[in-house]
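**Student:** Dropping in model-v6.cif, which is mmCIF, C-alpha atoms:
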data_model
#
loop_
_atom_site.label_atom_id
_atom_site.label_comp_id
_atom_site.auth_asym_id
_atom_site.auth_seq_id
_atom_site.Cartn_x
_atom_site.Cartn_y
_atom_site.Cartn_z
CA MET A 1 96.00 132.02 78.15
CA SER A 2 96.16 128.37 77.27
CA ILE A 3 99.29 129.05 75.22
CA THR A 4 101.40 130.35 78.10
CA GLN A 5 100.11 127.65 80.42
CA LYS A 6 102.55 124.95 81.48
CA PRO A 7 100.60 121.95 82.68
CA TYR A 8 103.56 120.25 84.35
CA HIS A 9 101.59 120.01 87.53
CA PHE A 10 98.94 117.90 85.85
CA LEU A 11 101.59 115.82 84.09
CA ILE A 12 103.55 114.99 87.24
CA ARG A 13 100.34 114.00 89.07
CA ARG A 14 99.37 111.68 86.22
CA VAL A 15 102.89 110.22 86.00
CA HIS A 16 102.78 109.65 89.76
CA SER A 17 99.49 107.77 89.36
CA LEU A 18 100.71 105.71 86.42
CA LEU A 19 104.00 104.74 88.10
CA GLY A 20 102.04 103.32 91.03
CA LEU A 21 100.65 100.62 88.75
CA VAL A 22 103.30 100.36 86.04
CA PRO A 23 105.87 99.31 87.05
CA ILE A 24 105.69 99.54 90.86
CA GLY A 25 102.43 97.69 91.50
CA LEU A 26 103.21 95.02 88.96
CA PHE A 27 106.67 94.59 90.45
CA LEU A 28 105.16 94.24 93.92
CA THR A 29 102.80 91.50 92.72
CA PHE A 30 105.63 89.69 90.93
CA HIS A 31 107.86 90.05 94.00
CA MET A 32 105.21 88.57 96.33
CA ILE A 33 104.58 85.61 94.04
CA LEU A 34 108.26 84.91 93.37
CA ASN A 35 108.98 84.90 97.09
CA LEU A 36 106.68 81.93 97.54
CA SER A 37 109.84 80.02 96.55
CA ALA A 38 111.00 80.67 100.13
CA ARG A 39 108.43 78.08 101.18
CA GLY A 40 110.64 75.56 99.37
CA GLY A 41 113.38 76.09 101.96
CA PRO A 42 116.65 78.03 102.18
CA GLU A 43 118.41 76.25 99.31
CA MET A 44 115.69 76.84 96.77
CA TYR A 45 115.28 80.48 97.89
CA ASP A 46 118.99 81.27 97.75
CA LYS A 47 119.15 79.60 94.32
CA VAL A 48 116.33 81.81 92.99
CA ILE A 49 118.03 84.91 94.41
CA GLY A 50 121.36 83.81 92.94
CA THR A 51 119.79 83.40 89.50
CA MET A 52 118.20 86.87 89.73
CA ARG A 53 121.40 88.50 90.92
CA ASN A 54 123.56 86.97 88.20
CA PHE A 55 121.12 87.91 85.49
CA PRO A 56 123.13 90.00 82.99
CA GLY A 57 122.39 93.72 83.29
CA ILE A 58 120.17 93.18 86.32
CA ILE A 59 121.26 96.50 87.84
CA VAL A 60 119.99 98.40 84.77
CA VAL A 61 116.66 96.59 84.93
CA GLU A 62 116.44 97.28 88.65
CA LEU A 63 117.21 100.95 88.14
CA ILE A 64 114.62 101.47 85.41
CA VAL A 65 111.90 99.14 86.60
CA ILE A 66 112.29 99.45 90.36
CA PHE A 67 114.53 102.11 91.89
CA ILE A 68 113.81 105.19 89.78
CA PRO A 69 110.01 104.71 89.60
CA ILE A 70 109.81 104.09 93.36
CA LEU A 71 112.04 107.11 94.05
CA VAL A 72 109.90 109.41 91.90
CA HIS A 73 106.66 108.02 93.32
CA ALA A 74 107.99 108.31 96.90
CA ILE A 75 109.37 111.85 96.60
CA TYR A 76 106.29 113.23 94.91
CA GLY A 77 104.10 111.16 97.23
CA ALA A 78 105.76 112.77 100.25
CA TRP A 79 104.77 116.16 98.79
CA VAL A 80 101.19 114.92 98.33
CA VAL A 81 101.12 113.85 101.97
CA TYR A 82 102.46 117.26 103.03
CA THR A 83 99.68 119.07 101.16
CA SER A 84 96.91 117.05 102.81
CA GLN A 85 95.14 117.80 106.08
CA SER A 86 93.13 114.94 107.52
CA ASN A 87 89.77 115.63 109.16
CA VAL A 88 88.82 112.03 109.78
CA LEU A 89 87.78 112.74 113.37
CA ASP A 90 84.99 115.05 112.15
CA TYR A 91 84.12 113.23 108.92
CA LYS A 92 84.30 109.58 109.92
CA TYR A 93 83.52 108.06 106.53
CA ALA A 94 85.16 104.86 105.28
CA ARG A 95 86.59 106.64 102.23
CA ASN A 96 88.04 109.36 104.42
CA TRP A 97 89.75 106.67 106.53
CA PHE A 98 91.12 105.06 103.39
CA TYR A 99 92.40 108.49 102.35
CA ILE A 100 94.47 108.89 105.51
CA ILE A 101 95.58 105.24 105.64
CA GLN A 102 96.75 105.59 102.03
CA ARG A 103 99.06 108.41 103.15
CA ILE A 104 100.25 106.68 106.32
CA SER A 105 100.91 103.43 104.43
CA GLY A 106 102.84 105.38 101.80
CA ILE A 107 105.18 106.90 104.39
CA TYR A 108 105.57 103.56 106.19
CA THR A 109 106.33 101.82 102.91
CA ILE A 110 109.12 104.32 102.15
CA ILE A 111 110.76 103.58 105.52
CA PHE A 112 110.19 99.86 105.05
CA ILE A 113 111.63 99.78 101.52
CA ILE A 114 114.76 101.68 102.56
CA THR A 115 115.38 99.18 105.39
CA HIS A 116 114.45 96.23 103.20
CA VAL A 117 116.75 97.23 100.33
CA TYR A 118 119.62 98.17 102.63
CA LEU A 119 119.31 94.89 104.44
CA LEU A 120 118.73 92.47 101.60
CA ARG A 121 119.76 94.00 98.30
CA PHE A 122 122.97 95.70 99.39
CA GLY A 123 123.50 93.60 102.48
CA GLU A 124 123.77 89.86 102.66
CA ALA A 125 120.88 88.70 100.49
CA SER A 126 120.18 85.30 101.89
CA PHE A 127 117.52 83.22 103.55
CA ALA A 128 119.51 83.30 106.77
CA ALA A 129 119.78 87.11 106.81
CA LEU A 130 116.02 87.64 106.71
CA GLN A 131 115.46 84.73 109.07
CA HIS A 132 117.72 86.46 111.56
CA PHE A 133 115.89 89.79 111.14
CA VAL A 134 112.40 88.37 111.72
CA SER A 135 113.52 86.20 114.63
CA ASN A 136 113.23 89.43 116.64
CA PRO A 137 109.49 90.00 117.33
CA TYR A 138 109.82 93.71 116.51
CA GLY A 139 111.56 92.82 113.29
CA LEU A 140 108.72 90.46 112.44
CA ILE A 141 106.04 93.08 113.17
CA PHE A 142 108.00 95.64 111.14
CA TYR A 143 108.14 93.23 108.22
CA ALA A 144 104.55 92.01 108.41
CA LEU A 145 103.30 95.62 108.56
CA GLY A 146 105.56 96.52 105.67
CA VAL A 147 104.10 93.76 103.52
CA LEU A 148 100.48 94.54 104.46
CA LEU A 149 100.73 98.32 104.16
CA ALA A 150 102.60 98.17 100.85
CA ILE A 151 99.87 95.89 99.48
CA PHE A 152 97.15 98.14 100.89
CA HIS A 153 98.81 101.17 99.33
CA PHE A 154 98.93 99.45 95.97
CA VAL A 155 95.39 98.06 96.01
CA ASN A 156 93.75 101.22 97.36
CA GLY A 157 95.89 103.17 94.90
CA LEU A 158 94.34 101.10 92.11
CA TRP A 159 90.94 102.37 93.18
CA ALA A 160 92.11 105.97 92.92
CA PHE A 161 93.83 105.07 89.65
CA ALA A 162 90.47 104.02 88.17
CA ILE A 163 89.05 107.43 89.07
CA THR A 164 92.10 109.45 88.03
CA TRP A 165 92.05 107.84 84.60
CA GLY A 166 88.30 108.22 84.24
CA ILE A 167 87.56 104.49 84.27
CA ALA A 168 85.16 104.19 87.23
CA ILE A 169 82.97 107.29 87.13
CA GLY A 170 79.69 106.75 88.96
CA PRO A 171 79.26 105.85 92.64
CA HIS A 172 78.01 102.35 91.80
CA SER A 173 80.98 101.38 89.65
CA GLN A 174 83.32 102.83 92.26
CA LYS A 175 81.65 100.78 94.98
CA VAL A 176 81.78 97.55 92.98
CA LEU A 177 85.43 98.25 92.27
CA SER A 178 86.22 98.78 95.94
CA TYR A 179 84.68 95.38 96.82
CA ALA A 180 86.58 93.68 93.99
CA LEU A 181 89.79 95.28 95.19
CA GLY A 182 89.01 94.15 98.72
CA ILE A 183 89.27 90.58 97.43
CA VAL A 184 92.53 91.41 95.65
CA PHE A 185 93.88 92.84 98.91
CA VAL A 186 93.01 89.66 100.83
CA LEU A 187 94.56 87.43 98.18
CA LEU A 188 97.78 89.44 97.82
CA SER A 189 98.11 89.76 101.59
CA ALA A 190 97.72 85.99 101.93
CA VAL A 191 100.55 85.50 99.45
CA GLY A 192 102.72 88.14 101.13
CA LEU A 193 102.25 86.74 104.62
CA THR A 194 102.79 83.18 103.36
CA ASP A 195 106.15 84.39 102.01
CA LEU A 196 107.00 85.71 105.43
CA THR A 197 106.02 82.53 107.33
CA ALA A 198 108.76 80.70 105.42
CA PHE A 199 111.34 82.60 107.44
CA LEU A 200 109.92 81.84 110.88
CA MET B 1 58.16 127.02 139.49
CA ALA B 2 59.22 124.32 137.07
CA GLN B 3 62.61 124.89 135.54
CA GLN B 4 62.35 126.28 132.03
CA LYS B 5 63.71 124.09 129.27
CA VAL B 6 66.73 125.67 127.58
CA ILE B 7 68.83 125.08 124.47
CA HIS B 8 72.48 124.97 125.38
CA PHE B 9 75.00 126.53 122.96
CA LYS B 10 78.77 126.53 122.91
CA ILE B 11 80.08 129.10 120.44
CA ARG B 12 83.61 129.79 119.31
CA ARG B 13 84.12 133.54 119.44
CA GLN B 14 86.85 135.65 117.87
CA ASP B 15 86.77 139.43 117.74
CA GLY B 16 88.81 139.76 114.56
CA PRO B 17 91.13 137.93 112.17
CA ASP B 18 94.21 138.42 114.36
CA LYS B 19 92.48 138.20 117.73
CA PRO B 20 92.60 135.13 120.00
CA SER B 21 89.63 132.79 119.94
CA ARG B 22 87.59 131.78 122.99
CA TRP B 23 84.55 129.67 123.82
CA GLU B 24 81.36 131.20 125.17
CA GLU B 25 78.28 129.32 126.31
CA PHE B 26 74.69 130.48 126.02
CA ASP B 27 71.29 129.23 127.13
CA VAL B 28 68.34 130.04 124.91
CA PRO B 29 64.78 129.39 126.18
CA TYR B 30 63.34 126.39 124.37
CA ARG B 31 60.56 126.75 121.86
CA GLU B 32 59.39 124.24 119.32
CA LYS B 33 60.74 124.21 115.75
CA LEU B 34 63.60 126.66 116.20
CA ASN B 35 66.64 126.67 113.96
CA VAL B 36 70.20 127.77 114.75
CA ILE B 37 69.61 131.21 113.19
CA SER B 38 66.57 131.97 115.36
CA CYS B 39 68.61 131.01 118.43
CA LEU B 40 71.45 133.29 117.34
CA MET B 41 68.84 136.06 117.02
CA GLU B 42 67.73 135.36 120.60
CA ILE B 43 71.35 135.65 121.74
CA GLN B 44 71.66 138.91 119.79
CA LYS B 45 68.68 140.35 121.67
CA ASN B 46 70.22 139.51 125.03
CA PRO B 47 73.95 138.77 124.73
CA VAL B 48 74.51 137.24 128.17
CA THR B 49 76.44 133.99 128.62
CA SER B 50 75.16 131.02 130.65
CA SER B 51 77.25 132.18 133.59
CA GLY B 52 75.47 135.57 133.50
CA LYS B 53 78.35 137.56 132.01
CA LYS B 54 77.42 140.31 129.56
CA THR B 55 79.15 139.94 126.20
CA THR B 56 79.01 141.24 122.63
CA PRO B 57 76.35 139.82 120.27
CA VAL B 58 77.59 136.87 118.20
CA VAL B 59 78.37 137.86 114.61
CA TRP B 60 77.13 135.61 111.80
CA GLU B 61 75.96 135.92 108.23
CA CYS B 62 72.62 134.88 106.79
CA ASN B 63 70.45 135.80 103.92
CA CYS B 64 67.80 133.61 102.30
CA LEU B 65 66.89 131.45 105.33
CA GLU B 66 65.81 128.62 103.01
CA GLU B 67 69.11 126.88 102.24
CA VAL B 68 69.67 128.32 98.79
CA CYS B 69 72.21 131.11 99.36
CA GLY B 70 74.87 129.41 101.47
CA ALA B 71 75.68 132.54 103.51
CA CYS B 72 74.96 131.00 106.93
CA THR B 73 77.28 128.01 106.47
CA MET B 74 79.14 127.26 109.71
CA ILE B 75 80.39 124.25 111.60
CA ILE B 76 77.55 122.84 113.66
CA ASN B 77 78.47 119.98 115.99
CA GLY B 78 81.64 119.31 114.00
CA LYS B 79 80.18 119.34 110.49
CA ALA B 80 79.76 122.16 108.00
CA LYS B 81 76.12 122.93 107.25
CA GLN B 82 73.68 125.82 106.90
CA ALA B 83 72.49 127.33 110.17
CA CYS B 84 69.06 128.10 108.67
CA SER B 85 68.21 124.47 107.92
CA ALA B 86 69.88 123.14 111.09
CA LEU B 87 66.80 122.44 113.22
CA ILE B 88 67.28 122.50 116.98
CA ASP B 89 64.96 119.54 117.51
CA HIS B 90 67.29 117.41 115.36
CA LEU B 91 70.56 118.48 117.00
CA GLU B 92 72.42 117.02 119.93
CA GLN B 93 73.13 119.45 122.79
CA PRO B 94 75.22 121.35 123.64
CA ILE B 95 75.06 122.70 120.13
CA VAL B 96 78.63 123.63 119.20
CA LEU B 97 78.99 126.43 116.65
CA GLU B 98 82.30 127.25 114.98
CA PRO B 99 83.28 129.28 111.92
CA LEU B 100 84.42 127.48 108.75
CA THR B 101 88.16 126.83 108.99
CA LYS B 102 89.12 126.86 105.31
CA PHE B 103 88.34 130.56 104.76
CA PRO B 104 89.73 133.75 106.30
CA LEU B 105 87.83 134.65 109.44
CA VAL B 106 86.07 138.01 109.64
CA ARG B 107 84.55 137.77 113.10
CA ASP B 108 82.95 135.05 115.25
CA LEU B 109 81.00 132.81 112.84
CA MET B 110 81.51 135.01 109.79
CA VAL B 111 84.12 134.12 107.20
CA ASP B 112 85.15 135.51 103.81
CA ARG B 113 84.39 133.00 101.05
CA GLN B 114 85.75 135.21 98.26
CA ILE B 115 88.20 132.48 97.19
CA MET B 116 85.28 130.34 95.99
CA PHE B 117 84.08 133.10 93.69
CA ASP B 118 87.63 133.70 92.47
CA ASN B 119 87.81 129.98 91.65
CA LEU B 120 84.60 130.20 89.62
CA LYS B 121 86.21 133.01 87.63
CA LYS B 122 89.37 130.95 87.21
CA VAL B 123 87.46 128.09 85.56
CA HIS B 124 85.21 130.39 83.48
CA ALA B 125 82.05 129.12 85.13
CA TRP B 126 79.69 131.02 82.83
CA ILE B 127 78.57 130.96 79.20
CA PRO B 128 79.76 133.91 77.12
CA ILE B 129 76.92 135.05 74.88
CA ASP B 130 77.77 138.71 74.36
CA GLY B 131 78.68 139.74 70.82
CA THR B 132 78.74 142.80 68.60
CA TYR B 133 75.69 141.54 66.74
CA ASN B 134 72.65 139.42 67.53
CA LEU B 135 73.91 135.86 67.86
CA GLY B 136 70.42 134.42 67.47
CA SER B 137 68.97 131.61 69.53
CA GLY B 138 71.32 128.90 70.65
CA PRO B 139 71.00 125.14 70.26
CA ARG B 140 68.26 123.44 72.22
CA LEU B 141 68.96 121.57 75.43
CA ALA B 142 67.20 118.21 75.61
CA GLU B 143 64.69 118.06 78.49
CA ALA B 144 66.32 114.98 80.04
CA LYS B 145 69.67 116.71 80.01
CA ARG B 146 68.18 119.90 81.43
CA GLN B 147 66.79 117.95 84.37
CA TRP B 148 70.16 116.31 84.93
CA ALA B 149 72.02 119.62 84.65
CA TYR B 150 69.61 121.24 87.10
CA GLU B 151 71.01 119.04 89.86
CA LEU B 152 74.52 120.41 89.21
CA SER B 153 73.21 123.97 89.00
CA LYS B 154 71.93 123.77 92.59
CA CYS B 155 75.42 124.62 93.87
CA MET B 156 75.17 127.72 96.09
CA THR B 157 78.94 128.09 96.68
CA CYS B 158 78.34 127.52 100.40
CA GLY B 159 81.73 125.95 101.14
CA CYS B 160 80.62 122.70 102.84
CA CYS B 161 82.60 120.64 100.30
CA MET B 162 85.66 122.87 100.76
CA GLU B 163 85.43 122.50 104.54
CA ALA B 164 85.07 118.71 104.34
CA CYS B 165 87.85 118.27 101.76
CA PRO B 166 91.21 117.25 103.28
CA GLN B 167 92.94 118.51 100.13
CA VAL B 168 91.74 122.08 100.70
CA ASN B 169 94.06 123.69 103.24
CA SER B 170 96.71 126.34 103.69
CA ARG B 171 99.46 124.15 102.20
CA SER B 172 97.50 123.31 99.05
CA LYS B 173 96.09 125.38 96.21
CA PHE B 174 93.25 122.98 95.41
CA ILE B 175 90.25 124.95 94.16
CA GLY B 176 87.86 122.38 95.59
CA PRO B 177 85.07 120.21 94.21
CA SER B 178 82.38 122.87 93.70
CA ALA B 179 84.18 124.94 91.04
CA ILE B 180 85.23 121.75 89.23
CA SER B 181 81.65 120.48 89.18
CA GLN B 182 80.58 123.80 87.63
CA VAL B 183 82.95 123.11 84.73
CA ARG B 184 81.01 119.92 84.09
CA LEU B 185 77.72 121.83 84.24
CA PHE B 186 78.72 124.54 81.77
CA ASN B 187 80.52 122.13 79.46
CA ALA B 188 77.36 120.03 79.26
CA HIS B 189 75.33 122.99 78.01
CA PRO B 190 75.11 123.06 74.20
CA THR B 191 76.15 126.72 74.05
CA GLY B 192 78.67 126.39 76.88
CA GLU B 193 80.24 123.44 75.10
CA MET B 194 81.57 125.85 72.46
CA ASN B 195 84.01 127.23 75.05
CA LYS B 196 84.77 123.89 76.66
CA HIS B 197 88.55 124.24 76.35
CA GLU B 198 88.53 127.54 78.28
CA ARG B 199 87.14 125.71 81.29
CA LEU B 200 89.21 122.55 80.97
CA ALA B 201 92.57 124.32 80.56
CA PRO B 202 92.56 125.97 84.01
CA LEU B 203 91.88 122.57 85.57
CA LEU B 204 95.32 121.42 84.42
CA ASP B 205 96.99 124.05 86.60
CA GLU B 206 98.26 123.66 90.13
CA GLY B 207 95.19 123.47 92.35
CA GLY B 208 93.21 121.93 89.51
CA ILE B 209 91.51 118.58 89.18
CA ALA B 210 94.71 116.54 89.65
CA ASP B 211 94.85 117.74 93.27
CA CYS B 212 91.74 115.76 94.19
CA GLY B 213 92.68 113.12 96.78
CA ASN B 214 89.54 110.96 96.44
CA ALA B 215 88.57 111.16 100.09
CA GLN B 216 85.02 111.69 98.78
CA ASN B 217 83.89 113.71 101.78
CA CYS B 218 82.59 116.41 99.43
CA VAL B 219 79.72 114.38 98.04
CA ARG B 220 78.54 113.56 101.56
CA ALA B 221 78.97 117.10 102.88
CA CYS B 222 77.05 118.74 100.01
CA PRO B 223 73.66 119.95 101.32
CA LYS B 224 72.30 120.03 97.76
CA GLU B 225 73.32 116.40 97.12
CA ILE B 226 75.28 117.33 94.02
CA PRO B 227 77.10 114.26 92.65
CA LEU B 228 80.50 115.95 93.13
CA THR B 229 82.61 112.79 92.98
CA THR B 230 80.89 111.75 89.75
CA SER B 231 81.66 115.20 88.33
CA LEU B 232 85.30 114.83 89.33
CA ALA B 233 85.69 111.36 87.80
CA ASP B 234 83.79 112.34 84.67
CA LEU B 235 86.00 115.39 84.20
CA ASN B 236 89.08 113.25 84.82
CA ARG B 237 88.14 111.25 81.73
CA GLU B 238 87.47 114.45 79.77
CA ILE B 239 90.61 116.21 80.84
CA ASN B 240 92.95 113.28 80.16
CA LYS B 241 91.67 113.23 76.58
CA PHE B 242 91.85 117.00 76.38
CA ALA B 243 95.43 117.22 77.69
CA LEU B 244 96.70 114.39 75.50
CA ASP B 245 94.96 115.73 72.42
CA ARG B 246 96.30 119.24 72.98
CA TRP B 247 99.82 117.94 73.48
CA LEU B 248 99.72 115.74 70.39
CA ARG B 249 98.56 118.65 68.26
CA LYS B 250 101.39 120.90 69.43
#
Now that the file is in, can you turn its structure into structure tokens?
**Tutor:**
Amino acid sequence: MSITQKPYHFLIRRVHSLLGLVPIGLFLTFHMILNLSARGGPEMYDKVIGTMRNFPGIIVVELIVIFIPILVHAIYGAWVVYTSQSNVLDYKYARNWFYIIQRISGIYTIIFIITHVYLLRFGEASFAALQHFVSNPYGLIFYALGVLLAIFHFVNGLWAFAITWGIAIGPHSQKVLSYALGIVFVLLSAVGLTDLTAFL
Amino acid sequence: MAQQKVIHFKIRRQDGPDKPSRWEEFDVPYREKLNVISCLMEIQKNPVTSSGKKTTPVVWECNCLEEVCGACTMIINGKAKQACSALIDHLEQPIVLEPLTKFPLVRDLMVDRQIMFDNLKKVHAWIPIDGTYNLGSGPRLAEAKRQWAYELSKCMTCGCCMEACPQVNSRSKFIGPSAISQVRLFNAHPTGEMNKHERLAPLLDEGGIADCGNAQNCVRACPKEIPLTTSLADLNREINKFALDRWLRK
């Protein structure tokens, strides 16, 4: 029986979990920290972007480290969302809320990333372009939510990652981990929102 | 004459799998220390709704009446639990009874939980000891481990964890936490350990352990307080090693 078995299902689920941290989560963290340069004003920000853009072979790096992993994670993630059925109104537990928010934040992040990439990577990537976008209050809310939900999705995903990979096993270690990740969420969100304030 | 104290019930009725469902309300005279089953028996004796309309007796399943068989599992005030251990004095009224939603409905509060038993077969949740000759006595199980394993063996396949799990639904093939926890139980047994791979391999399939979404409702819904989420995480560690090892040896 175990000879004819094709455990692709298990493999894709594990790949999906791994991609969330490496490279996507690490890229997100790097992206948030690098964008602090926007606090240094338009010139500094545009210079950093210019350096990144003119980096030789940047498109290959972007494809392998960013686009393809996010695409795979997003497409499979959409399937994961489809196969779930929330019951948070009957079972109002914190973890059950996190479960549904993880799925909502995933979908929101897909929409946000498409807009974000279309606007800034393939559009006019400049300080002024983003400044214009967030000068609209709806644009600002859309962006702030995008930053917060993407970070939530990553940090809460790390918690599930620790269980999926058999790192945090017992309820106590899982609880300690969730508090530790709560701190990570606050810190990363502070960085992300600080980035955004530079464009106001 | 003082008005008699009554227990108010709201029950979801359905005459068959393809029939429409409806709500019916019942008033049962209050007595001390009743449970949901004894009230359903009262309704059975006199199937008349609160508005005085004669109706058919409510269909439900029960067996042991001491919360060890799982047959009377139903949704009571929104949460899956056993009707036998659901004490009226502890419940908010009206007491709302509904059938489990994750299993095919038979009638009223009765569902067919066959899928749970099929899942136990799928993961080989037993220890094969039959042979063509006397296999002799097996290895000893340490007392501390026996006590620990006893907690996992309390599973009565009632379906509370399946009902509470957002990953168990018509669009997903997830076999649910209970069958997966049984893999941990039988793999921990010194004789069962000899067939460990036969229980781990099915968990790699679609509907296996990778379909867990970590909502962790199961561990809170379990009436036997089985550490289901610990079983899942522990088996995640086991199965990652198992899958990698098997692949590398190919």
**Student:** Within 12 Å of (82.7, 102.1, 96.2), in the coordinates the file gives, what residues turn up when you count only C-alpha atoms, written out as a ChimeraX atom specification?
**Tutor:** /A:93-95,98,156,159-160,162-163,168-182 /B:214-216,229-230
**Student:** Taking only C-alpha atoms into account, find every residue of chain A that has an atom no more than 8 Å from chain B, and write it out as a PyMOL selection string.
**Tutor:** chain A and resi 2+5-10+13-14+82-87+90-91+93+95-99+160+163-171
**Student:** Could you spell out the hits of the PyMOL selection byres ((chain A and resi 25-33) around 10) on the shown file, as an NGL selection string?
**Tutor:** :A and (18-24 or 34-37 or 65-66 or 70 or 147 or 150-151 or 153-155 or 157-158 or 188-196)
**Student:** Closest to Ile115 (chain B) among B:Ala142, B:Glu66, B:Ser178, B:Asp18, using only C-alpha atoms?
**Tutor:** B:Ser178
**Student:** Report as a list of chain:residue names the residues that result from applying the PyMOL selection byres ((chain A and resi 131) around 12) to the structure here.
**Tutor:**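 Residues picked by the PyMOL selection byres ((chain A and resi 131) around 12): A:Ala38, A:Gly41, A:Pro42, A:Tyr45, A:Leu119, A:Leu120, A:Glu124, A:Ala125, A:Ser126, A:Phe127, A:Ala128, A:Ala129, A:Leu130, A:His132, A:Phe133, A:Val134, A:Ser135, A:Asn136, A:Pro137, A:Gly139, A:Leu140, A:Tyr143, A:Asp195, A:Leu196, A:Thr197, A:Ala198, A:Phe199, A:Leu200.
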**Student:** Identify all residues satisfying the PyMOL selection byres ((chain B and resi 30-39) around 6) in the given file; provide them as number ranges by chain.
**Tutor:** B: 5-7, 29, 40-42, 83-84, 86-88
**Student:** With all atoms listed in the file as the basis for distance, which of B:Glu143, B:Asp112, B:Glu151, B:Asp118 is at the shortest distance from Glu61 (chain B)?
**Tutor:**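 Of B:Glu143, B:Asp112, B:Glu151, B:Asp118, the one nearest Glu61 (chain B), counting all atoms listed in the file, is B:Asp112.
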**Student:** Neighbours of Leu141 (chain B) within 8 Å (all atoms listed in the file; same-chain residues fewer than 3 positions away dropped), as a list in words?
**Tutor:** Lys145, Arg146, His189 and Pro190 of chain B
**Student:** Mind giving me the straight-line distance from CA of Leu152 (chain B) to CA of Asn63 (chain B) in Å, one decimal?
**Tutor:**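 Computing the Euclidean distance for CA of Leu152 (chain B) and CA of Asn63 (chain B) yields 21.7 Å.
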**Student:** Calculate how many Å separate CA of His73 (chain A) from CA of Leu145 (chain A), rounding to one decimal.
**Tutor:** 19.9 Å
**Student:** Excluding same-chain residues fewer than 3 positions from Phe103 (chain B), what lies within 7 Å of it counting all atoms listed in the file, as a PyMOL selection string?
**Tutor:** chain B and resi 100+111-113
**Student:** Can you work out which one of B:Leu105, B:Leu120, B:Ile127, B:Ala71 has the shortest atom-to-atom distance to Pro20 (chain B), counting only C-alpha atoms?
**Tutor:** B:Leu105
**Student:** At a cut-off of 12 Å from (111.6, 110.0, 97.7) in the coordinates of the file, what residues are picked up using only C-alpha atoms, written as a list in words?
**Tutor:** His16, Phe67, Ile68, Pro69, Ile70, Leu71, Val72, His73, Ala74, Ile75, Tyr76, Gly77, Ala78, Trp79, Val80, Val81, Gly106, Ile107, Thr109, Ile110, Ile111, Ile113 and Ile114 of chain A
**Student:** For Ala179 (chain B), find every residue with an atom within 10 Å (counting only C-alpha atoms), except residues of its own chain fewer than 3 positions away, and show them as a compact mmCIF listing (two decimals) with C-alpha atoms, in the coordinates of the input.
**Tutor:**
# COMPACT_ATOMS: atom_id res chain seq x y z
CA MET B 116 85.28 130.34 95.99
CA PHE B 117 84.08 133.10 93.69
CA ASP B 118 87.63 133.70 92.47
CA ASN B 119 87.81 129.98 91.65
CA LEU B 120 84.60 130.20 89.62
CA LYS B 121 86.21 133.01 87.63
CA LYS B 122 89.37 130.95 87.21
CA VAL B 123 87.46 128.09 85.56
CA HIS B 124 85.21 130.39 83.48
CA ALA B 125 82.05 129.12 85.13
CA CYS B 155 75.42 124.62 93.87
CA THR B 157 78.94 128.09 96.68
CA ILE B 175 90.25 124.95 94.16
CA GLY B 176 87.86 122.38 95.59
CA GLN B 182 80.58 123.80 87.63
CA VAL B 183 82.95 123.11 84.73
CA ARG B 184 81.01 119.92 84.09
CA LEU B 185 77.72 121.83 84.24
CA LEU B 203 91.88 122.57 85.57
CA GLY B 208 93.21 121.93 89.51
CA ILE B 209 91.51 118.58 89.18
CA LEU B 228 80.50 115.95 93.13
**Student:** Find, counting only C-alpha atoms, the residue in B:Asn46, B:Ser85, B:Ser181, B:Gln114 that gets nearest to Cys72 (chain B).
**Tutor:** B:Ser85
**Student:** Quick one: pull the distance between CA of Leu149 (chain A) and CA of Ile101 (chain A), Å, one decimal.
**Tutor:**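 Interatomic distance, CA of Leu149 (chain A) to CA of Ile101 (chain A): 8.8 Å.
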